[in-house]
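The next block is target34.cif, given as mmCIF, C-alpha atoms.
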```cif
data_data
#
loop_
_atom_site.label_atom_id
_atom_site.label_comp_id
_atom_site.auth_asym_id
_atom_site.auth_seq_id
_atom_site.Cartn_x
_atom_site.Cartn_y
_atom_site.Cartn_z
CA SER A 281 -8.84 12.98 -8.44
CA GLN A 282 -8.41 12.90 -4.71
CA GLU A 283 -5.01 13.81 -3.30
CA LEU A 284 -3.76 13.13 0.18
CA GLU A 285 -1.07 15.26 1.76
CA GLN A 286 0.81 13.95 4.77
CA SER A 287 2.78 15.97 7.26
CA PRO A 288 5.45 15.90 8.32
CA GLN A 289 7.30 14.10 5.52
CA SER A 290 9.77 12.75 8.03
CA LEU A 291 10.09 12.72 11.78
CA ILE A 292 12.84 11.79 14.21
CA VAL A 293 11.78 11.35 17.81
CA GLN A 294 13.43 10.16 20.95
CA GLU A 295 12.20 6.90 22.36
CA GLY A 296 9.38 7.48 24.83
CA LYS A 297 8.14 10.69 23.21
CA ASN A 298 4.70 11.22 21.73
CA LEU A 299 4.15 12.20 18.11
CA THR A 300 1.39 13.05 15.64
CA ILE A 301 1.16 12.51 11.89
CA ASN A 302 -1.49 14.26 9.81
CA CYS A 303 -3.19 13.36 6.56
CA THR A 304 -5.23 16.02 4.72
CA SER A 305 -7.46 15.33 1.76
CA SER A 306 -8.10 17.64 -1.20
CA LYS A 307 -11.69 16.40 -1.36
CA THR A 308 -14.38 15.37 1.08
CA LEU A 309 -13.03 12.59 3.22
CA TYR A 310 -15.58 9.91 3.95
CA GLY A 311 -13.15 7.50 5.50
CA LEU A 312 -9.51 6.75 5.78
CA TYR A 313 -7.03 3.88 6.10
CA TRP A 314 -3.72 3.92 7.91
CA TYR A 315 -0.96 1.54 6.90
CA LYS A 316 2.60 1.07 8.12
CA GLN A 317 5.51 -0.05 5.96
CA LYS A 318 9.00 -1.15 6.88
CA TYR A 319 11.59 -0.22 4.27
CA GLY A 320 11.43 -2.56 1.27
CA GLU A 321 8.53 -4.56 2.67
CA GLY A 322 4.78 -4.77 2.27
CA LEU A 323 2.14 -2.60 3.90
CA ILE A 324 0.65 -3.57 7.23
CA PHE A 325 -2.92 -2.49 7.93
CA LEU A 326 -3.24 -0.44 11.12
CA MET A 327 -6.82 0.79 11.17
CA MET A 328 -9.69 2.15 9.14
CA LEU A 329 -11.86 5.11 10.09
CA GLN A 330 -15.27 5.37 8.49
CA LYS A 331 -17.17 8.07 10.27
CA GLY A 332 -16.47 11.66 11.11
CA GLY A 333 -15.28 12.00 14.65
CA GLU A 334 -14.41 8.33 14.84
CA GLU A 335 -11.40 7.45 16.91
CA LYS A 336 -9.69 4.07 17.03
CA SER A 337 -6.77 2.73 18.99
CA HIS A 338 -4.42 -0.17 18.53
CA GLU A 339 -1.86 -0.66 21.28
CA LYS A 340 -0.19 2.76 21.57
CA ILE A 341 -1.45 4.12 18.26
CA THR A 342 -4.61 6.23 18.06
CA ALA A 343 -6.18 7.66 14.93
CA LYS A 344 -8.99 10.17 14.52
CA LEU A 345 -11.03 11.35 11.57
CA ASP A 346 -12.16 14.96 11.30
CA GLU A 347 -14.60 15.22 8.39
CA LYS A 348 -14.95 19.01 8.60
CA LYS A 349 -11.22 19.56 8.28
CA GLN A 350 -10.95 16.72 5.75
CA GLN A 351 -8.15 15.43 7.89
CA SER A 352 -7.05 12.44 9.88
CA SER A 353 -4.39 12.36 12.57
CA LEU A 354 -2.39 9.42 13.86
CA HIS A 355 -0.94 9.73 17.34
CA ILE A 356 1.69 7.47 18.87
CA THR A 357 2.14 7.54 22.62
CA ALA A 358 5.47 6.70 24.24
CA SER A 359 7.19 5.82 20.96
CA GLN A 360 9.37 2.73 20.72
CA PRO A 361 11.94 1.59 18.15
CA SER A 362 9.32 -0.87 16.85
CA HIS A 363 7.22 2.10 15.74
CA ALA A 364 9.85 3.16 13.22
CA GLY A 365 8.79 2.91 9.59
CA ILE A 366 6.75 4.69 6.97
CA TYR A 367 3.16 5.57 7.76
CA LEU A 368 0.81 5.87 4.80
CA CYS A 369 -2.75 7.12 4.73
CA GLY A 370 -5.20 5.97 2.08
CA ALA A 371 -8.52 7.52 1.11
CA ALA A 372 -11.78 5.67 1.55
CA PRO A 373 -14.04 4.95 -0.09
CA SER A 374 -11.70 4.68 -2.99
CA THR A 375 -11.43 1.56 -5.06
CA PRO A 376 -8.69 1.06 -5.71
CA LEU A 377 -6.92 2.66 -2.80
CA VAL A 378 -4.93 5.87 -3.34
CA PHE A 379 -2.14 6.71 -0.90
CA GLY A 380 -0.50 9.79 0.51
CA LYS A 381 3.26 10.15 0.09
CA GLY A 382 3.97 8.80 3.54
CA THR A 383 5.64 9.97 6.73
CA ARG A 384 9.00 8.41 7.54
CA LEU A 385 9.38 7.91 11.30
CA SER A 386 12.67 7.22 13.05
CA VAL A 387 12.82 6.51 16.76
CA ILE A 388 16.17 6.97 18.45
CA ALA A 389 17.24 5.68 21.83
CA ASP B 171 -4.75 -18.02 6.27
CA THR B 172 -4.69 -14.22 6.08
CA GLU B 173 -1.57 -13.84 4.00
CA VAL B 174 -0.73 -12.68 0.56
CA THR B 175 2.40 -14.49 -0.59
CA GLN B 176 4.71 -13.03 -3.20
CA THR B 177 7.60 -14.78 -4.91
CA PRO B 178 10.41 -14.19 -5.46
CA LYS B 179 11.38 -11.69 -2.76
CA HIS B 180 14.25 -10.37 -4.84
CA LEU B 181 14.84 -10.48 -8.59
CA VAL B 182 17.68 -9.19 -10.74
CA MET B 183 17.19 -9.29 -14.48
CA GLY B 184 18.75 -7.97 -17.64
CA MET B 185 16.88 -5.84 -20.13
CA THR B 186 16.51 -8.75 -22.56
CA ASN B 187 15.25 -11.25 -19.98
CA LYS B 188 11.74 -12.55 -19.46
CA LYS B 189 10.67 -13.17 -15.90
CA SER B 190 7.48 -13.46 -13.89
CA LEU B 191 6.35 -12.34 -10.47
CA LYS B 192 3.87 -14.48 -8.62
CA CYS B 193 1.22 -13.62 -6.02
CA GLU B 194 -1.05 -16.01 -4.16
CA GLN B 195 -3.83 -15.64 -1.59
CA HIS B 196 -6.21 -18.17 -0.05
CA MET B 197 -8.60 -15.83 1.70
CA GLY B 198 -11.29 -16.17 -0.95
CA HIS B 199 -10.73 -12.60 -2.09
CA ARG B 200 -12.09 -11.80 -5.53
CA ALA B 201 -10.02 -8.70 -6.27
CA MET B 202 -6.26 -8.65 -6.72
CA TYR B 203 -3.93 -5.74 -7.41
CA TRP B 204 -0.44 -4.93 -8.60
CA TYR B 205 1.22 -1.81 -7.24
CA LYS B 206 4.65 -0.41 -8.10
CA GLN B 207 6.65 1.51 -5.51
CA LYS B 208 9.81 3.47 -6.21
CA ALA B 209 12.13 4.37 -3.38
CA LYS B 210 10.72 7.00 -1.04
CA LYS B 211 7.47 7.19 -3.00
CA PRO B 212 3.98 5.84 -2.22
CA PRO B 213 2.70 2.74 -3.99
CA GLU B 214 1.20 3.45 -7.41
CA LEU B 215 -1.53 1.29 -8.84
CA MET B 216 -0.74 -0.70 -11.98
CA PHE B 217 -3.51 -3.26 -12.48
CA VAL B 218 -6.68 -4.50 -10.82
CA TYR B 219 -8.34 -7.85 -11.40
CA SER B 220 -11.90 -8.30 -10.22
CA TYR B 221 -13.43 -11.75 -10.43
CA GLU B 222 -10.47 -12.85 -12.56
CA LYS B 223 -11.08 -10.17 -15.16
CA LEU B 224 -8.82 -7.20 -15.74
CA SER B 225 -10.83 -4.20 -14.58
CA ILE B 226 -8.21 -1.46 -14.34
CA ASN B 227 -5.00 -0.89 -16.28
CA GLU B 228 -3.39 2.39 -15.26
CA SER B 229 -1.77 2.97 -18.67
CA VAL B 230 1.03 0.57 -17.85
CA PRO B 231 3.56 -0.12 -20.66
CA SER B 232 3.05 -3.40 -22.50
CA ARG B 233 6.37 -4.76 -21.24
CA PHE B 234 4.34 -5.53 -18.08
CA SER B 235 1.73 -8.19 -18.71
CA PRO B 236 -0.61 -9.28 -15.91
CA GLU B 237 -2.34 -12.62 -15.74
CA CYS B 238 -4.93 -14.03 -13.36
CA PRO B 239 -5.10 -17.81 -13.93
CA ASN B 240 -7.63 -18.31 -11.12
CA SER B 241 -9.10 -16.47 -8.17
CA SER B 242 -6.13 -17.26 -5.93
CA LEU B 243 -3.26 -16.46 -8.26
CA LEU B 244 -1.96 -13.33 -9.89
CA ASN B 245 1.12 -13.15 -12.09
CA LEU B 246 3.04 -10.25 -13.58
CA HIS B 247 5.06 -11.17 -16.66
CA LEU B 248 8.05 -8.98 -17.37
CA HIS B 249 9.76 -8.60 -20.72
CA ALA B 250 12.30 -6.13 -22.09
CA LEU B 251 12.26 -3.99 -18.98
CA GLN B 252 14.23 -0.79 -18.54
CA PRO B 253 16.48 0.15 -15.61
CA GLU B 254 13.86 2.71 -14.51
CA ASP B 255 11.45 -0.18 -13.92
CA SER B 256 13.54 -1.17 -10.91
CA ALA B 257 11.21 -0.91 -7.93
CA LEU B 258 9.33 -2.80 -5.24
CA TYR B 259 6.34 -4.57 -6.77
CA LEU B 260 3.51 -5.12 -4.34
CA CYS B 261 0.56 -7.44 -4.71
CA ALA B 262 -2.63 -6.92 -2.73
CA SER B 263 -6.04 -8.49 -2.46
CA SER B 264 -9.43 -7.44 -1.15
CA PRO B 265 -12.72 -9.27 -0.63
CA ALA B 266 -14.66 -7.97 -3.62
CA GLY B 267 -12.92 -4.94 -5.08
CA THR B 268 -16.17 -3.28 -5.95
CA GLY B 269 -17.54 -1.95 -2.69
CA ASN B 270 -16.53 0.87 -0.47
CA TYR B 271 -14.21 0.63 2.50
CA GLU B 272 -12.40 -2.40 1.14
CA LYS B 273 -9.39 -3.19 3.26
CA LEU B 274 -6.44 -4.23 1.15
CA PHE B 275 -4.16 -7.04 2.28
CA PHE B 276 -0.62 -6.63 0.98
CA GLY B 277 2.14 -9.08 0.28
CA SER B 278 5.72 -8.36 1.33
CA GLY B 279 6.69 -7.42 -2.21
CA THR B 280 9.27 -8.35 -4.83
CA GLN B 281 12.31 -6.06 -5.02
CA LEU B 282 13.16 -5.92 -8.71
CA SER B 283 16.44 -4.66 -10.13
CA VAL B 284 16.83 -4.27 -13.88
CA LEU B 285 20.42 -4.08 -15.12
#
```
Will you turn the file into structure tokens for me?
Amino acid sequence: SQELEQSPQSLIVQEGKNLTINCTSSKTLYGLYWYKQKYGEGLIFLMMLQKGGEEKSHEKITAKLDEKKQQSSLHITASQPSHAGIYLCGAAPSTPLVFGKGTRLSVIA
Amino acid sequence: DTEVTQTPKHLVMGMTNKKSLKCEQHMGHRAMYWYKQKAKKPPELMFVYSYEKLSINESVPSRFSPECPNSSLLNLHLHALQPEDSALYLCASSPAGTGNYEKLFFGSGTQLSVL
């Protein structure tokens, strides 16, 4: 079965700093989802990447898919307290969706 | 309406109680899911319903009993739970549940505590 490893497991950054979260697959990665979760709440869809080399942006969050490395990276520019939460990657195509263990992001003033 | 609604938001129950979790969506999605999430862990799949039929049961104990009365509703009936079943229970839906690249829409979850 496909496994997704996320790094780092947790991250504390100062407000205004940039950061990157990685998601590496144990098998060929044809596509990938990124979700965000606030503690004790549901998952919010951020973006889906379907093709190698694809890059998508939503506000200050950019994600890329590198098929050769079987990896996706999520980059946040000028972090804000609203970015705090748990970021989860999910493998595609995979029905049903399987998640990585998540990266816990804290943004401090 | 692009929401998945879960009720209740919080539930405390004893080990001898019977309770139910409810999930509703009105997006016309034909696949619905139950996930269980323990603290600091990723969501783990429990059940999948596709076109109102149970298509996946991830070896979940029988004290959890899913039900899909119609294409918009998904229930999870709970009976004789154990304290280790305390977790956040997440419902999700997707358009068809059979194709690739299906985006899942999640509810806000039910935080369950078993005493």
Kindly provide, as a PDB file with C-alpha atoms, in the coordinates of the input, the residues of chain B having any atom no farther than 12 Å from an atom of chain A, counting only C-alpha atoms.
```
ATOM      1  CA  THR B 172      -4.690 -14.220   6.080  1.00  0.00           C
ATOM      2  CA  GLU B 173      -1.570 -13.840   4.000  1.00  0.00           C
ATOM      3  CA  VAL B 174      -0.730 -12.680   0.560  1.00  0.00           C
ATOM      4  CA  THR B 175       2.400 -14.490  -0.590  1.00  0.00           C
ATOM      5  CA  GLN B 176       4.710 -13.030  -3.200  1.00  0.00           C
ATOM      6  CA  LYS B 179      11.380 -11.690  -2.760  1.00  0.00           C
ATOM      7  CA  HIS B 180      14.250 -10.370  -4.840  1.00  0.00           C
ATOM      8  CA  ALA B 201     -10.020  -8.700  -6.270  1.00  0.00           C
ATOM      9  CA  MET B 202      -6.260  -8.650  -6.720  1.00  0.00           C
ATOM     10  CA  TYR B 203      -3.930  -5.740  -7.410  1.00  0.00           C
ATOM     11  CA  TRP B 204      -0.440  -4.930  -8.600  1.00  0.00           C
ATOM     12  CA  TYR B 205       1.220  -1.810  -7.240  1.00  0.00           C
ATOM     13  CA  LYS B 206       4.650  -0.410  -8.100  1.00  0.00           C
ATOM     14  CA  GLN B 207       6.650   1.510  -5.510  1.00  0.00           C
ATOM     15  CA  LYS B 208       9.810   3.470  -6.210  1.00  0.00           C
ATOM     16  CA  ALA B 209      12.130   4.370  -3.380  1.00  0.00           C
ATOM     17  CA  LYS B 210      10.720   7.000  -1.040  1.00  0.00           C
ATOM     18  CA  LYS B 211       7.470   7.190  -3.000  1.00  0.00           C
ATOM     19  CA  PRO B 212       3.980   5.840  -2.220  1.00  0.00           C
ATOM     20  CA  PRO B 213       2.700   2.740  -3.990  1.00  0.00           C
ATOM     21  CA  GLU B 214       1.200   3.450  -7.410  1.00  0.00           C
ATOM     22  CA  LEU B 215      -1.530   1.290  -8.840  1.00  0.00           C
ATOM     23  CA  MET B 216      -0.740  -0.700 -11.980  1.00  0.00           C
ATOM     24  CA  PHE B 217      -3.510  -3.260 -12.480  1.00  0.00           C
ATOM     25  CA  VAL B 218      -6.680  -4.500 -10.820  1.00  0.00           C
ATOM     26  CA  TYR B 219      -8.340  -7.850 -11.400  1.00  0.00           C
ATOM     27  CA  SER B 220     -11.900  -8.300 -10.220  1.00  0.00           C
ATOM     28  CA  SER B 225     -10.830  -4.200 -14.580  1.00  0.00           C
ATOM     29  CA  ILE B 226      -8.210  -1.460 -14.340  1.00  0.00           C
ATOM     30  CA  ASN B 227      -5.000  -0.890 -16.280  1.00  0.00           C
ATOM     31  CA  GLU B 228      -3.390   2.390 -15.260  1.00  0.00           C
ATOM     32  CA  ALA B 257      11.210  -0.910  -7.930  1.00  0.00           C
ATOM     33  CA  LEU B 258       9.330  -2.800  -5.240  1.00  0.00           C
ATOM     34  CA  TYR B 259       6.340  -4.570  -6.770  1.00  0.00           C
ATOM     35  CA  LEU B 260       3.510  -5.120  -4.340  1.00  0.00           C
ATOM     36  CA  CYS B 261       0.560  -7.440  -4.710  1.00  0.00           C
ATOM     37  CA  ALA B 262      -2.630  -6.920  -2.730  1.00  0.00           C
ATOM     38  CA  SER B 263      -6.040  -8.490  -2.460  1.00  0.00           C
ATOM     39  CA  SER B 264      -9.430  -7.440  -1.150  1.00  0.00           C
ATOM     40  CA  PRO B 265     -12.720  -9.270  -0.630  1.00  0.00           C
ATOM     41  CA  ALA B 266     -14.660  -7.970  -3.620  1.00  0.00           C
ATOM     42  CA  GLY B 267     -12.920  -4.940  -5.080  1.00  0.00           C
ATOM     43  CA  THR B 268     -16.170  -3.280  -5.950  1.00  0.00           C
ATOM     44  CA  GLY B 269     -17.540  -1.950  -2.690  1.00  0.00           C
ATOM     45  CA  ASN B 270     -16.530   0.870  -0.470  1.00  0.00           C
ATOM     46  CA  TYR B 271     -14.210   0.630   2.500  1.00  0.00           C
ATOM     47  CA  GLU B 272     -12.400  -2.400   1.140  1.00  0.00           C
ATOM     48  CA  LYS B 273      -9.390  -3.190   3.260  1.00  0.00           C
ATOM     49  CA  LEU B 274      -6.440  -4.230   1.150  1.00  0.00           C
ATOM     50  CA  PHE B 275      -4.160  -7.040   2.280  1.00  0.00           C
ATOM     51  CA  PHE B 276      -0.620  -6.630   0.980  1.00  0.00           C
ATOM     52  CA  GLY B 277       2.140  -9.080   0.280  1.00  0.00           C
ATOM     53  CA  SER B 278       5.720  -8.360   1.330  1.00  0.00           C
ATOM     54  CA  GLY B 279       6.690  -7.420  -2.210  1.00  0.00           C
ATOM     55  CA  THR B 280       9.270  -8.350  -4.830  1.00  0.00           C
ATOM     56  CA  GLN B 281      12.310  -6.060  -5.020  1.00  0.00           C
ATOM     57  CA  LEU B 282      13.160  -5.920  -8.710  1.00  0.00           C
TER      58      LEU B 282
END
```
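For the pair CA of Leu385 in chain A and CA of Ser337 in chain A, the separation is 18.6 Å.
Among the candidates B:Val182, B:Ser190, B:His199, B:Ser283, the residue lying nearest to Ser242 in chain B is B:His199 (atoms considered: all atoms listed in the file).
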- Item | Nearby residues (all atoms listed in the file) at most 10 Å from Gln351 in chain A, same-chain spacing under 6 positions excluded, as a ChimeraX atom specification | /A:284-286,302-309,311-312,332,344-345
- Shell around Ile301 in chain A at 7 Å using only C-alpha atoms, local window under 2 positions removed, as a PyMOL selection string: chain A and resi 287-288+299+303+353-355
- Message: Calculated over only C-alpha atoms, which of the candidates B:Asn187, B:Lys192, B:Val284, B:Glu222 has the smallest distance to His249 in chain B?
- Response: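 Checking each candidate against His249 in chain B, we get B:Asn187 as the closest.
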- Query: Taking (8.6, -11.1, -15.3) in the file's coordinates as the center, which residues reach within 8 Å of it, counting only C-alpha atoms, put as a VMD selection string?
  - Reply: chain B and resid 188 to 191 234 246 to 249
- Matched chain/residue IDs from the PyMOL selection byres ((chain A and resi 292) around 10), as an MDAnalysis selection string: chainID A and resid 290:291 293:295 299 364 384:388
- Message: Evaluated on this file, the PyMOL selection byres ((chain A and resi 341) around 8) picks out some residues - which ones are they, written as a PyMOL selection string?
- Response: chain A and resi 337-340+342-343+354-357
Just C-alpha atoms for this one: save the residues we selected as a PDB file, keeping the file's coordinate frame.
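Result file is result14.pdb:
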```
ATOM      1  CA  SER A 337      -6.770   2.730  18.990  1.00  0.00           C
ATOM      2  CA  HIS A 338      -4.420  -0.170  18.530  1.00  0.00           C
ATOM      3  CA  GLU A 339      -1.860  -0.660  21.280  1.00  0.00           C
ATOM      4  CA  LYS A 340      -0.190   2.760  21.570  1.00  0.00           C
ATOM      5  CA  THR A 342      -4.610   6.230  18.060  1.00  0.00           C
ATOM      6  CA  ALA A 343      -6.180   7.660  14.930  1.00  0.00           C
ATOM      7  CA  LEU A 354      -2.390   9.420  13.860  1.00  0.00           C
ATOM      8  CA  HIS A 355      -0.940   9.730  17.340  1.00  0.00           C
ATOM      9  CA  ILE A 356       1.690   7.470  18.870  1.00  0.00           C
ATOM     10  CA  THR A 357       2.140   7.540  22.620  1.00  0.00           C
TER      11      THR A 357
END
```
- What separates CA of Cys193 in chain B and CA of Lys316 in chain A is a distance of 20.4 Å
- In Å, how far is it from CA of Glu347 in chain A to CA of Gln289 in chain A?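 Computed distance, CA of Glu347 in chain A to CA of Gln289 in chain A, equals 22.1 Å.
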- Message: Considering only C-alpha atoms, can you say which of A:Asp346, A:Ser352, A:Pro361, A:Trp314 comes closest to Leu326 in chain A?
- Response: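 Closest to Leu326 in chain A of all the choices is A:Trp314.
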- Could you check which of B:Tyr221, B:Asn240, B:Met183, B:Val230 is closest to Arg200 in chain B, using all atoms listed in the file?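 That would be B:Tyr221, the residue with the smallest distance to Arg200 in chain B.
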